[in-house]
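Everything on this sheet refers to the single structure shown next.
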There are 2 protein chains.
Amino acid sequence: LTPETAAALERKTKNARFVWDAYRRFVQMFASVVAGVAHEPFEQALSGAKEKAGVKDDTGLTADALKDLTSLEKRIYASEKGSAFPDDPRDQLRAAIEAVFASYWGKKAEDYRRIEKIASSLGTAVTVQAMVFGNTGDRSGTGVAFTRDPTTGEDRLYGEWLANAQGEDVVAGIRTPRPIAQLETALPEVFSSLQRVKETLERRFRDAQDIEFTWEDGKLYLLQTRTAKRGAVAAVRIAADLLRARTIDAKEAVSRVEPRQFQQLLARIFDVEAKAKAQKDGRVLASGLPASPGAASGPVVFNPEDAEAFAKTGKPAILVRRMTSPEDIAGMHAAAGLLTSVGGMTSHAAVVARGMGKCCIVGCALLRIDEAANCFQAGDRWVKKGERISIDGFTGEVILGDLPTQDSEVVEVVQGRRNPATSRVFGDVDTVLRAADSVRRLRVRANADTPEDARVARYLGAEGIGLVRTEHMFFAEDRILPMREMILADTVLARKVALAKLLPYQRADFAGMFKAMAGLPVTIRLLDPPLHEFLPETDAIQRAVASRIGMDLHELQERVKAHQELNPMLGHRGCRLGVSHPEIYEMQARAVIEAACEVSHQDIVVKPEIMVPFIGVAKELEILRKLIVDEAERVLAERGEKIAYSVGTMIEIPRAAITANQVARFADFFSFGTNDLTQMTFGISRDDAEKAFLPDYEAKGILPENPFAVLDRDGVGGLVEIAVERGRREKPGLKCGICGEHGGDPSSIAFCHKVGLDYVSCSPYRVPIARLAAARAALSS
Amino acid sequence: LTPETAAALERKTKNARFVWDAYRRFVQMFASVVAGVAHEPFEQALSGAKEKAGVKDDTGLTADALKDLTSLEKRIYASEKGSAFPDDPRDQLRAAIEAVFASYWGKKAEDYRRIEKIASSLGTAVTVQAMVFGNTGDRSGTGVAFTRDPTTGEDRLYGEWLANAQGEDVVAGIRTPRPIAQLETALPEVFSSLQRVKETLERRFRDAQDIEFTWEDGKLYLLQTRTAKRGAVAAVRIAADLLRARTIDAKEAVSRVEPRQFQQLLARIFDVEAKAKAQKDGRVLASGLPASPGAASGPVVFNPEDAEAFAKTGKPAILVRRMTSPEDIAGMHAAAGLLTSVGGMTSHAAVVARGMGKCCIVGCALLRIDEAANCFQAGDRWVKKGERISIDGFTGEVILGDLPTQDSEVVEVVQGRRNPATSRVFGDVDTVLRAADSVRRLRVRANADTPEDARVARYLGAEGIGLVRTEHMFFAEDRILPMREMILADTVLARKVALAKLLPYQRADFAGMFKAMAGLPVTIRLLDPPLHEFLPETDAIQRAVASRIGMDLHELQERVKAHQELNPMLGHRGCRLGVSHPEIYEMQARAVIEAACEVSHQDIVVKPEIMVPFIGVAKELEILRKLIVDEAERVLAERGEKIAYSVGTMIEIPRAAITANQVARFADFFSFGTNDLTQMTFGISRDDAEKAFLPDYEAKGILPENPFAVLDRDGVGGLVEIAVERGRREKPGLKCGICGEHGGDPSSIAFCHKVGLDYVSCSPYRVPIARLAAARAALSS
């Protein structure tokens, strides 16, 4: 704009006020954005003009007043900048273009690219185009919209608009925009243009779009379009809809959904009606950043000690802090949820909460927290220690009072409490997962200790059980006694007698697993934890056990003491028990094969895989493999049966990884136990460290993530790579999987794909995430 | 021999008795050695002949009687073997030659080769030569001798002889042989021939020989010569003498002494005179295999429980068992020494005792042990529980009663209680070690925590200190209180106040080390163990500490409890403390540099190397290196000094080895802490395992040796190799050493040489062994 073009425009539009208002805005924007002049003097000039004219609003200024203001602003520009405001449009354009490039190389943009890992060498472009105006009258206007509902994913325009306004007015919040549905009646031709644009854009970009638009005298112009951000439900629905419409293929559908969005579909949520009522009743106190999904209600506390105290009384609290620090860990652990007023999505509270899987809101700046006085203020409402609030980790809302929570729709379906046919979201999840299955190479199994776990896992698509922890079966009331008898026995014979009592339980357990996973492989890990974990600790239980098994109390206490170890994690456990007490693994091998025989008699295909834990030396596996095979063959001979079974090992000790070529000689498969492997590779005791220095290490950036949640590629991953390479060098095609917690973590799954594992095994509810992550890994490799 | 050659020989020698005695012996030996016929019938025939002749001794039989006996033996042969005794000398020779080859492929020889790792493909040869006879009269005879004293190494013939006898008679023990010195007067020309032979053989083989010889009518014949076995003192003296005489060069001298012999020169011994008296008094009860060197006296016990009970009363016992088993470990640990009646040098007792460095005798078959009755019988002497005996692990002697023990001569010299000029053995050791120094590439340092340790290490040839464990300095009476104050402090300021009290102690400690090692590098490891190791455990001490530092007892107990960990080995220790409490390492860095400044002011060259322990993640070292360098530069700036120092790290966590390229960026040196690295690589808690399954694992052959004594090459060694390779790829020439216990183990030192480490560091008294082992490693590579 120049005085000449402004005059021409005035002649053309016959709307002097509009032209001079635009000119004035242009000068101000040019000064601040292009020339970098501070904007305070311009605002003072505007205020002065309004005062002089005796009006309160910009719109009250006449064309002449605006013209004068423009001249004043140009003078301000010249005095602030030290050079006259350019009146040649070419100079204006050149300066504006240069300003765009300069901003690309500015500190803010550089920082942004560094954080978002965008290469600076990509560069930027400047598009020069004619301006359109939404503020030329009632047949002009502006709006923003999503081409599909960003919350539900429904296929309809979702957004807001303002008549006679520029784009800035919508976001500035001075005028209240109207919902997009009202555009259809107000300006049907603009709305139908918008509908056509929606179709065109979605066809072109094959995804839902987030658009900005303006119409000038009834003609629609698109200002911007970009891929729409969306919530978890919407992401799944949009991907499934586009796939069904064949707009995208399976690969693209898979790339559209983030595994962590799947996780959100499984988290507990607030009862939908109760929450809507709370919103309506004005009980939403404030809103912050949703740092970790979930829903939690509880009494408010303001320090970690109180959080621990409340947890002990069975009423876990919401811990409210300005920010958290490593000293707060115990309290954070004890809390039902976390709420802070300071910090972003990567603050200590946010990182730790996500690691703990705990509902968390951070950066809720509107809360004024007085930790010393044990209260916070939100608006004019004071909330004191012990008062109950609810926090929504999906939305960041802080709500006064309790709200009932419920399982997510997907969980309800999986648990058989809802008909899958009535669940739109479950159907969409299923569609996306089938797409994922067609793309992935990695198999997905589940870790399960009960037939019910196995059933859920299978329902969610598990292709086998990668880890049955047999020891979890020994803690039931009727089994722990013979277990203790076995451990406390002082002769092999007495031990065998006790083991004989355990055999029927184990056989039944395994039969249940085999049935639940009919036709699919089931990997059963033999006894792993140190025996003292099964022994009674308190005096009262020791007395009871002593009298039940007829042992002198003092004697029993001495034996319990003898089983204690300084570092039980590295102690007499796993296959070391198998070596020193062969009769234990013999009983377990027998139980596995007897169960397999029983189930296969019911015309069910069984695929037992017996897994020996905690191997550090190949010779251990050589000895135990022989013991297991001998016992298995004995059972099969007794029954005159033939059942195929395999014997493999967990790789969870660094030495087993390093000497994998030796270990592979005696293993039909490797399963990486990355929980223990991480502990030993890092020299970290997880139980101790997560309460002590580990969160501090994450906060200080020494570790990018908790290595027990996300596989450490350089260290632990380096050992996994060595083991796979050396194992398969000795035994080409050796089956390799992972059964640590990392088996359900998307980034770790990508690594497993990369190093050529055959399968991942994770907890049942993580199976969908794993299926999706495995497919995404296949796509990005 | 055939009837014809016998008759011819009879005519020639005119000694029919000699001929027919030889013939009879020939038949019998041919039958048993060549034809494999049982020897009982032949012995019965001999007894019958003696009875018939009415004589008691073989020599009483006449030529005719012997002739008849020969015929009878041939008949026995024919009936036992089923074929006539061969009378054609060609048949006899062929059969004898074939028997030699057959024996080479026999089970006994195969077993021997397998155990001694000798390739069967080497094969054997048969030398056929004319027989000479030592039993043709008084001018004939036979003997065995060492060319040097096998105990002291003195350069003189040492052996025994018999006149008119065959070689077998000397070893059979029927006649008592005479000492070699008497041969000089009895048969001077034979003795002087023997002296010439000694010179010739030693010149030829360049080593002391073990020879067998016979003279027939005054003419000396050598039957066999082989390298003489020798004790530790002799080995060192012979090597030193031959080196001084330039018969051998430094390399050969080094190859003549086994590192474990050096170790024997350091073990405690019985008071020489007291033991000689006990021998003279007939107090030697029996003799077994010397399985583990040392000298121990104590009350006899017959089961591990009693061994533990005696140890608790402060009177460690000698544990006497038929054999030991894994259940006995705790008792073996508690005992002063071990004695078994069954088992060889590789039995459970022998292996475990050597691992524990405990004096042990095994396979003492003459003891009749009644474990149930708590006594043993040796000859006609009964020894009951509680009676005192002494056992000599060098010789295998079991002696009744107590014997005083003393330090070895070498230890007396090192500790300044004996003038080295008066110690022959120390001089010889020194000669051999100087030879070793000229051959080896690996540097040898010592682990030392006190200036006195450093002095001993330097006296024994250490070229620096590879490990100063600073925490050992905090347990002294006057230091533990500020240490506890520091740990229990609840603010950084309070911690700094306590640390300021510790600073002068640390500075003085380090100054002492720098002075003792003037001109040589001293590697100081910063605080490593978890803090709870310093805290008071008992109620009484907790009370005392609480009152001294003015803290509420309950509060103190809570803080002590808060420091406890489930697996302290993998806990909050090492550099993790440095990260969470930077002020600790700051104080230590300051103490190191202040001490260095002080000492260098006395014109002593100081070479401080600051070592950060327990690094698992490169970022830890990046942070701590900066902290240390900042503090060091601050000290140097304050004092206006310039002192070169370096900052490196221990590689003791598997992850640090795997990511050594990342760690190397911030390290001036690597020092492998193979004790912890072994624990984590194996997933073994040493404290627990050595009392539990580890000895069992060795006994079962799952582990060839205790991996804490001998570096596990495949597993832990594999990680060391990876770390050296990756570390030097990032930083060529990176200095690498080892400071775990393995630094003093010969086999581990050979590995360190092979993978290209720069130095090994071991306990001061192992420095000589390490110097020798390093030289031997250089020779065999």
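Letters for chains follow the order of the structure tokens (A, B, ...), residue numbers begin at 1 for each chain, and ligand numbers begin at 1 in the order shown.
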
Could you give me, as CSV, a per-residue list for chain B showing, wherever an atom lies at most 7 Å from an atom of chain A, the closest pair of atoms and their distance in Å to one decimal, using only C-alpha atoms and sorting by chain then residue number from low to high?
```
residue,atom,partner,partner_atom,distance
B:Glu565,CA,A:Asp688,CA,5.9
B:Leu566,CA,A:Asp688,CA,6.5
B:Asn567,CA,A:Asn567,CA,4.4
B:Pro568,CA,A:Asn567,CA,6.7
B:Met569,CA,A:Asn567,CA,6.6
B:Leu570,CA,A:Ile684,CA,4.7
B:Gly571,CA,A:Ser685,CA,5.9
B:His572,CA,A:Phe693,CA,7.0
B:Gly616,CA,A:Phe682,CA,5.8
B:Lys619,CA,A:Ile702,CA,5.4
B:Glu620,CA,A:Ile702,CA,6.4
B:Ile653,CA,A:Gly683,CA,5.9
B:Pro654,CA,A:Thr681,CA,4.9
B:Arg655,CA,A:Gly715,CA,5.0
B:Ile658,CA,A:Gly715,CA,5.8
B:Thr659,CA,A:Gly715,CA,6.1
B:Met680,CA,A:Met680,CA,5.4
B:Thr681,CA,A:Pro654,CA,4.9
B:Phe682,CA,A:Arg655,CA,5.5
B:Gly683,CA,A:Leu570,CA,5.0
B:Ile684,CA,A:Leu570,CA,4.7
B:Ser685,CA,A:Leu570,CA,5.1
B:Asp688,CA,A:Glu565,CA,5.9
B:Ala689,CA,A:Gly571,CA,6.7
B:Phe693,CA,A:His572,CA,7.0
B:Ile702,CA,A:Lys619,CA,5.4
B:Asp714,CA,A:Thr659,CA,6.5
B:Gly715,CA,A:Arg655,CA,5.0
B:Gly718,CA,A:Ile658,CA,6.7
```

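Residues with any atom within 10 Å of B:Lys219, counting only C-alpha atoms and excluding same-chain neighbours fewer than 4 positions away, are Val132, Gly134, Arg139, Ser140, Gly141, Glu189, Val190, Ser193, Thr214 and Trp215 of chain B.
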
Any chance you could export the current selection's all heavy atoms as a compact mmCIF listing (two decimals), in the first residue's frame?
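Below you can see selection-v5.txt, which holds the result:
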```txt
# COMPACT_ATOMS: atom_id res chain seq x y z
N VAL B 132 72.22 -102.47 29.43
CA VAL B 132 73.38 -102.55 30.33
C VAL B 132 72.88 -103.00 31.68
O VAL B 132 71.70 -102.84 32.00
CB VAL B 132 74.12 -101.20 30.43
CG1 VAL B 132 74.82 -100.88 29.13
CG2 VAL B 132 73.20 -100.10 30.88
N GLY B 134 73.32 -103.09 35.86
CA GLY B 134 73.92 -102.53 37.08
C GLY B 134 74.07 -103.60 38.15
O GLY B 134 74.58 -103.32 39.24
N ARG B 139 81.21 -103.55 41.04
CA ARG B 139 81.64 -102.41 40.23
C ARG B 139 80.51 -101.96 39.28
O ARG B 139 80.73 -101.22 38.35
CB ARG B 139 82.91 -102.75 39.45
CG ARG B 139 84.16 -102.70 40.39
CD ARG B 139 85.45 -102.84 39.63
NE ARG B 139 85.54 -102.02 38.45
CZ ARG B 139 85.78 -100.70 38.44
NH1 ARG B 139 85.95 -100.06 39.58
NH2 ARG B 139 85.89 -100.05 37.30
N SER B 140 79.33 -102.53 39.53
CA SER B 140 78.15 -102.08 38.79
C SER B 140 77.15 -101.46 39.79
O SER B 140 77.26 -101.69 41.01
CB SER B 140 77.47 -103.25 38.07
OG SER B 140 78.36 -103.79 37.12
N GLY B 141 76.23 -100.71 39.24
CA GLY B 141 75.24 -100.10 40.14
C GLY B 141 74.32 -99.18 39.35
O GLY B 141 74.38 -99.09 38.13
N GLU B 189 85.71 -92.72 39.95
CA GLU B 189 85.70 -92.54 38.49
C GLU B 189 84.27 -92.45 37.97
O GLU B 189 83.97 -91.70 37.03
CB GLU B 189 86.52 -93.63 37.77
CG GLU B 189 85.86 -94.99 37.64
CD GLU B 189 85.92 -95.83 38.92
OE1 GLU B 189 86.22 -95.25 40.02
OE2 GLU B 189 85.65 -97.04 38.89
N VAL B 190 83.33 -93.21 38.57
CA VAL B 190 81.92 -93.10 38.16
C VAL B 190 81.39 -91.71 38.52
O VAL B 190 80.72 -91.04 37.73
CB VAL B 190 81.05 -94.19 38.86
CG1 VAL B 190 79.57 -93.96 38.56
CG2 VAL B 190 81.48 -95.57 38.39
N SER B 193 82.65 -89.16 36.15
CA SER B 193 81.90 -89.27 34.88
C SER B 193 80.56 -88.57 35.03
O SER B 193 80.12 -87.83 34.13
CB SER B 193 81.64 -90.74 34.51
OG SER B 193 82.85 -91.41 34.31
N THR B 214 73.12 -95.97 35.11
CA THR B 214 73.60 -97.29 35.54
C THR B 214 75.07 -97.37 35.16
O THR B 214 75.49 -96.77 34.18
CB THR B 214 72.78 -98.38 34.81
OG1 THR B 214 71.45 -98.40 35.35
CG2 THR B 214 73.41 -99.76 34.99
N TRP B 215 75.83 -98.02 36.00
CA TRP B 215 77.21 -98.30 35.55
C TRP B 215 77.43 -99.80 35.58
O TRP B 215 76.97 -100.50 36.47
CB TRP B 215 78.27 -97.53 36.35
CG TRP B 215 78.24 -97.75 37.84
CD1 TRP B 215 79.03 -98.60 38.56
CD2 TRP B 215 77.41 -97.10 38.79
NE1 TRP B 215 78.75 -98.54 39.90
CE2 TRP B 215 77.74 -97.61 40.06
CE3 TRP B 215 76.40 -96.12 38.68
CZ2 TRP B 215 77.09 -97.19 41.23
CZ3 TRP B 215 75.80 -95.73 39.86
CH2 TRP B 215 76.12 -96.25 41.11
```

Pick out each residue of stretch 583-637 of chain A that DSSP on the backbone tags as strand (DSSP E or B); I need them as number ranges by chain.
A: 607-612

Take the residues that were just selected and, keeping all heavy atoms, output them as a PDB file, in the first residue's frame.
```
ATOM      1  N   LYS A 607       1.409 -76.184  21.374  1.00  0.00           N
ATOM      2  CA  LYS A 607       2.787 -75.905  20.946  1.00  0.00           C
ATOM      3  C   LYS A 607       3.596 -75.399  22.133  1.00  0.00           C
ATOM      4  O   LYS A 607       3.836 -74.196  22.273  1.00  0.00           O
ATOM      5  CB  LYS A 607       2.784 -74.853  19.827  1.00  0.00           C
ATOM      6  CG  LYS A 607       2.070 -75.326  18.563  1.00  0.00           C
ATOM      7  CD  LYS A 607       2.247 -74.338  17.430  1.00  0.00           C
ATOM      8  CE  LYS A 607       1.698 -74.893  16.134  1.00  0.00           C
ATOM      9  NZ  LYS A 607       1.691 -73.891  15.056  1.00  0.00           N
ATOM     10  N   PRO A 608       3.993 -76.326  22.993  1.00  0.00           N
ATOM     11  CA  PRO A 608       4.726 -75.873  24.187  1.00  0.00           C
ATOM     12  C   PRO A 608       6.174 -75.507  23.858  1.00  0.00           C
ATOM     13  O   PRO A 608       6.840 -76.203  23.102  1.00  0.00           O
ATOM     14  CB  PRO A 608       4.679 -77.081  25.121  1.00  0.00           C
ATOM     15  CG  PRO A 608       4.309 -78.251  24.271  1.00  0.00           C
ATOM     16  CD  PRO A 608       3.813 -77.768  22.949  1.00  0.00           C
ATOM     17  N   GLU A 609       6.622 -74.403  24.444  1.00  0.00           N
ATOM     18  CA  GLU A 609       8.025 -73.991  24.354  1.00  0.00           C
ATOM     19  C   GLU A 609       8.513 -73.788  25.791  1.00  0.00           C
ATOM     20  O   GLU A 609       7.960 -72.950  26.506  1.00  0.00           O
ATOM     21  CB  GLU A 609       8.153 -72.679  23.571  1.00  0.00           C
ATOM     22  CG  GLU A 609       7.548 -72.742  22.178  1.00  0.00           C
ATOM     23  CD  GLU A 609       7.704 -71.448  21.386  1.00  0.00           C
ATOM     24  OE1 GLU A 609       7.752 -70.383  22.008  1.00  0.00           O
ATOM     25  OE2 GLU A 609       7.777 -71.536  20.150  1.00  0.00           O
ATOM     26  N   ILE A 610       9.483 -74.574  26.175  1.00  0.00           N
ATOM     27  CA  ILE A 610       9.970 -74.497  27.561  1.00  0.00           C
ATOM     28  C   ILE A 610      11.180 -73.574  27.598  1.00  0.00           C
ATOM     29  O   ILE A 610      12.129 -73.756  26.840  1.00  0.00           O
ATOM     30  CB  ILE A 610      10.318 -75.900  28.092  1.00  0.00           C
ATOM     31  CG1 ILE A 610       9.054 -76.766  28.072  1.00  0.00           C
ATOM     32  CG2 ILE A 610      10.922 -75.817  29.491  1.00  0.00           C
ATOM     33  CD1 ILE A 610       9.293 -78.213  28.450  1.00  0.00           C
ATOM     34  N   MET A 611      11.120 -72.584  28.487  1.00  0.00           N
ATOM     35  CA  MET A 611      12.162 -71.556  28.495  1.00  0.00           C
ATOM     36  C   MET A 611      12.922 -71.575  29.824  1.00  0.00           C
ATOM     37  O   MET A 611      12.338 -71.485  30.898  1.00  0.00           O
ATOM     38  CB  MET A 611      11.521 -70.190  28.273  1.00  0.00           C
ATOM     39  CG  MET A 611      12.514 -69.072  28.275  1.00  0.00           C
ATOM     40  SD  MET A 611      11.929 -67.640  27.325  1.00  0.00           S
ATOM     41  CE  MET A 611      10.682 -66.990  28.413  1.00  0.00           C
ATOM     42  N   VAL A 612      14.244 -71.664  29.714  1.00  0.00           N
ATOM     43  CA  VAL A 612      15.107 -71.697  30.894  1.00  0.00           C
ATOM     44  C   VAL A 612      15.606 -70.273  31.153  1.00  0.00           C
ATOM     45  O   VAL A 612      16.229 -69.670  30.287  1.00  0.00           O
ATOM     46  CB  VAL A 612      16.302 -72.636  30.663  1.00  0.00           C
ATOM     47  CG1 VAL A 612      17.183 -72.700  31.898  1.00  0.00           C
ATOM     48  CG2 VAL A 612      15.803 -74.023  30.279  1.00  0.00           C
TER      49      VAL A 612
END
```

Coordinates-based distance that separates atom CA of B:Thr5 from atom CA of B:Lys74 (Å, one decimal):
16.1 Å

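Atom pair atom CA of B:Asn15 / atom CA of B:Thr136 has a distance of 8.2 Å (rounded to one decimal).
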
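For the residues B:Leu493, B:Val710, B:Leu636, B:Leu266, ranking by smallest atom-to-atom distance to B:Gln406 using only C-alpha atoms places B:Leu266 first.
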
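With only C-alpha atoms taken into account, the protein and nucleic acid residues at most 6 Å from stretch 736-746 of chain B (excluding it and anything under 3 positions from it in its own chain) are Phe669, Phe670, Ser671, Phe672, Gly673, Thr674, Asn675, Ile749, Leu757, Asp758, Tyr759, Val760, Ser761, Cys762, Arg766, Ala770 and Ala773 of chain B.
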
With only C-alpha atoms as the counted atoms, please give the residues lying no more than 9 Å from A:Glu485, apart from itself and same-chain residues fewer than 5 positions off, as a PyMOL selection string.
chain A and resi 480+494-495+498-499+545+549

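In this model, the gap between atom CA of B:His753 and atom CA of B:Ala435 comes to 17.5 Å.
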
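Non-sequential neighbours of A:Val144 (distance at most 6 Å, separation of 6 or more positions within a chain, only C-alpha atoms) are A:Gly159, A:Glu160, A:Ile211, A:Glu212.
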
Go ahead and write the selection's residues with N, CA and C atoms as a CSV table (one decimal), in the first residue's frame.
```csv
chain,number,residue,atom,x,y,z
A,159,GLY,N,-16.0,-26.1,12.8
A,159,GLY,CA,-15.2,-24.9,13.0
A,159,GLY,C,-16.1,-23.7,13.3
A,160,GLU,N,-15.6,-22.5,13.1
A,160,GLU,CA,-16.3,-21.3,13.5
A,160,GLU,C,-16.0,-20.2,12.5
A,211,ILE,N,-8.3,-25.9,8.0
A,211,ILE,CA,-8.2,-24.8,7.0
A,211,ILE,C,-8.6,-23.5,7.6
A,212,GLU,N,-8.0,-22.4,7.0
A,212,GLU,CA,-8.4,-21.0,7.2
A,212,GLU,C,-8.9,-20.4,5.9
```

Shell of 8 Å around A:Phe146, only C-alpha atoms, local chain residues under 5 positions omitted, as a VMD selection string:
chain A and resid 157 to 159 208 to 211 228

Using DSSP on the backbone coordinates, identify all residues within stretch 388-604 of chain A classified as helix (DSSP H, G or I); present the result as a ChimeraX atom specification.
/A:409-414,420-422,424-439,451-459,470-474,477-488,492-516,531-534,539-549,553-562,568-570,575-580,582-600

Hey, what's within 9 Å of B:Pro764 if we count only C-alpha atoms and toss same-chain stuff fewer than 3 positions away? As a VMD selection string, please?
chain B and resid 445 to 448 453 to 458 460 462 761 767 to 768

Deliver the residues from the most recent selection as a file, using N, CA, C and O atoms, as a CSV table (one decimal), in the first residue's frame.
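What follows is the written file again_35.csv:
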```
chain,number,residue,atom,x,y,z
B,445,ARG,N,51.3,-51.8,37.9
B,445,ARG,CA,51.0,-50.9,39.0
B,445,ARG,C,50.4,-51.6,40.1
B,445,ARG,O,50.2,-52.8,40.0
B,446,ALA,N,50.2,-50.9,41.2
B,446,ALA,CA,49.6,-51.6,42.4
B,446,ALA,C,48.4,-50.9,42.8
B,446,ALA,O,48.2,-49.7,42.6
B,447,ASN,N,47.5,-51.6,43.5
B,447,ASN,CA,46.3,-51.0,44.2
B,447,ASN,C,46.7,-50.8,45.6
B,447,ASN,O,47.2,-51.7,46.3
B,448,ALA,N,46.7,-49.5,46.1
B,448,ALA,CA,47.1,-49.2,47.4
B,448,ALA,C,46.3,-48.1,48.0
B,448,ALA,O,46.0,-47.2,47.3
B,453,ASP,N,51.3,-49.2,52.0
B,453,ASP,CA,51.1,-50.1,50.9
B,453,ASP,C,51.8,-49.6,49.7
B,453,ASP,O,52.4,-50.4,48.9
B,454,ALA,N,51.8,-48.3,49.4
B,454,ALA,CA,52.4,-47.7,48.3
B,454,ALA,C,54.0,-48.0,48.3
B,454,ALA,O,54.6,-48.4,47.3
B,455,ARG,N,54.5,-47.9,49.5
B,455,ARG,CA,56.0,-48.1,49.7
B,455,ARG,C,56.3,-49.6,49.4
B,455,ARG,O,57.2,-49.9,48.6
B,456,VAL,N,55.5,-50.5,49.9
B,456,VAL,CA,55.8,-51.9,49.7
B,456,VAL,C,55.7,-52.2,48.2
B,456,VAL,O,56.5,-52.8,47.6
B,457,ALA,N,54.6,-51.6,47.5
B,457,ALA,CA,54.4,-51.9,46.1
B,457,ALA,C,55.6,-51.4,45.3
B,457,ALA,O,56.1,-52.0,44.4
B,458,ARG,N,56.1,-50.2,45.7
B,458,ARG,CA,57.2,-49.6,44.9
B,458,ARG,C,58.4,-50.4,45.1
B,458,ARG,O,59.2,-50.7,44.2
B,460,LEU,N,58.5,-53.5,45.5
B,460,LEU,CA,58.3,-54.7,44.7
B,460,LEU,C,58.3,-54.4,43.3
B,460,LEU,O,58.0,-55.3,42.5
B,462,ALA,N,56.4,-51.8,41.6
B,462,ALA,CA,55.3,-51.2,41.0
B,462,ALA,C,55.7,-49.9,40.3
B,462,ALA,O,56.5,-49.1,40.8
B,761,SER,N,47.1,-53.5,37.3
B,761,SER,CA,47.3,-53.0,38.7
B,761,SER,C,46.7,-54.0,39.6
B,761,SER,O,45.6,-54.5,39.5
B,767,VAL,N,52.6,-57.8,42.9
B,767,VAL,CA,53.4,-57.0,41.8
B,767,VAL,C,54.5,-57.9,41.2
B,767,VAL,O,54.6,-58.0,40.0
B,768,PRO,N,55.3,-58.7,42.0
B,768,PRO,CA,56.3,-59.5,41.4
B,768,PRO,C,55.7,-60.6,40.5
B,768,PRO,O,56.2,-60.8,39.4
```
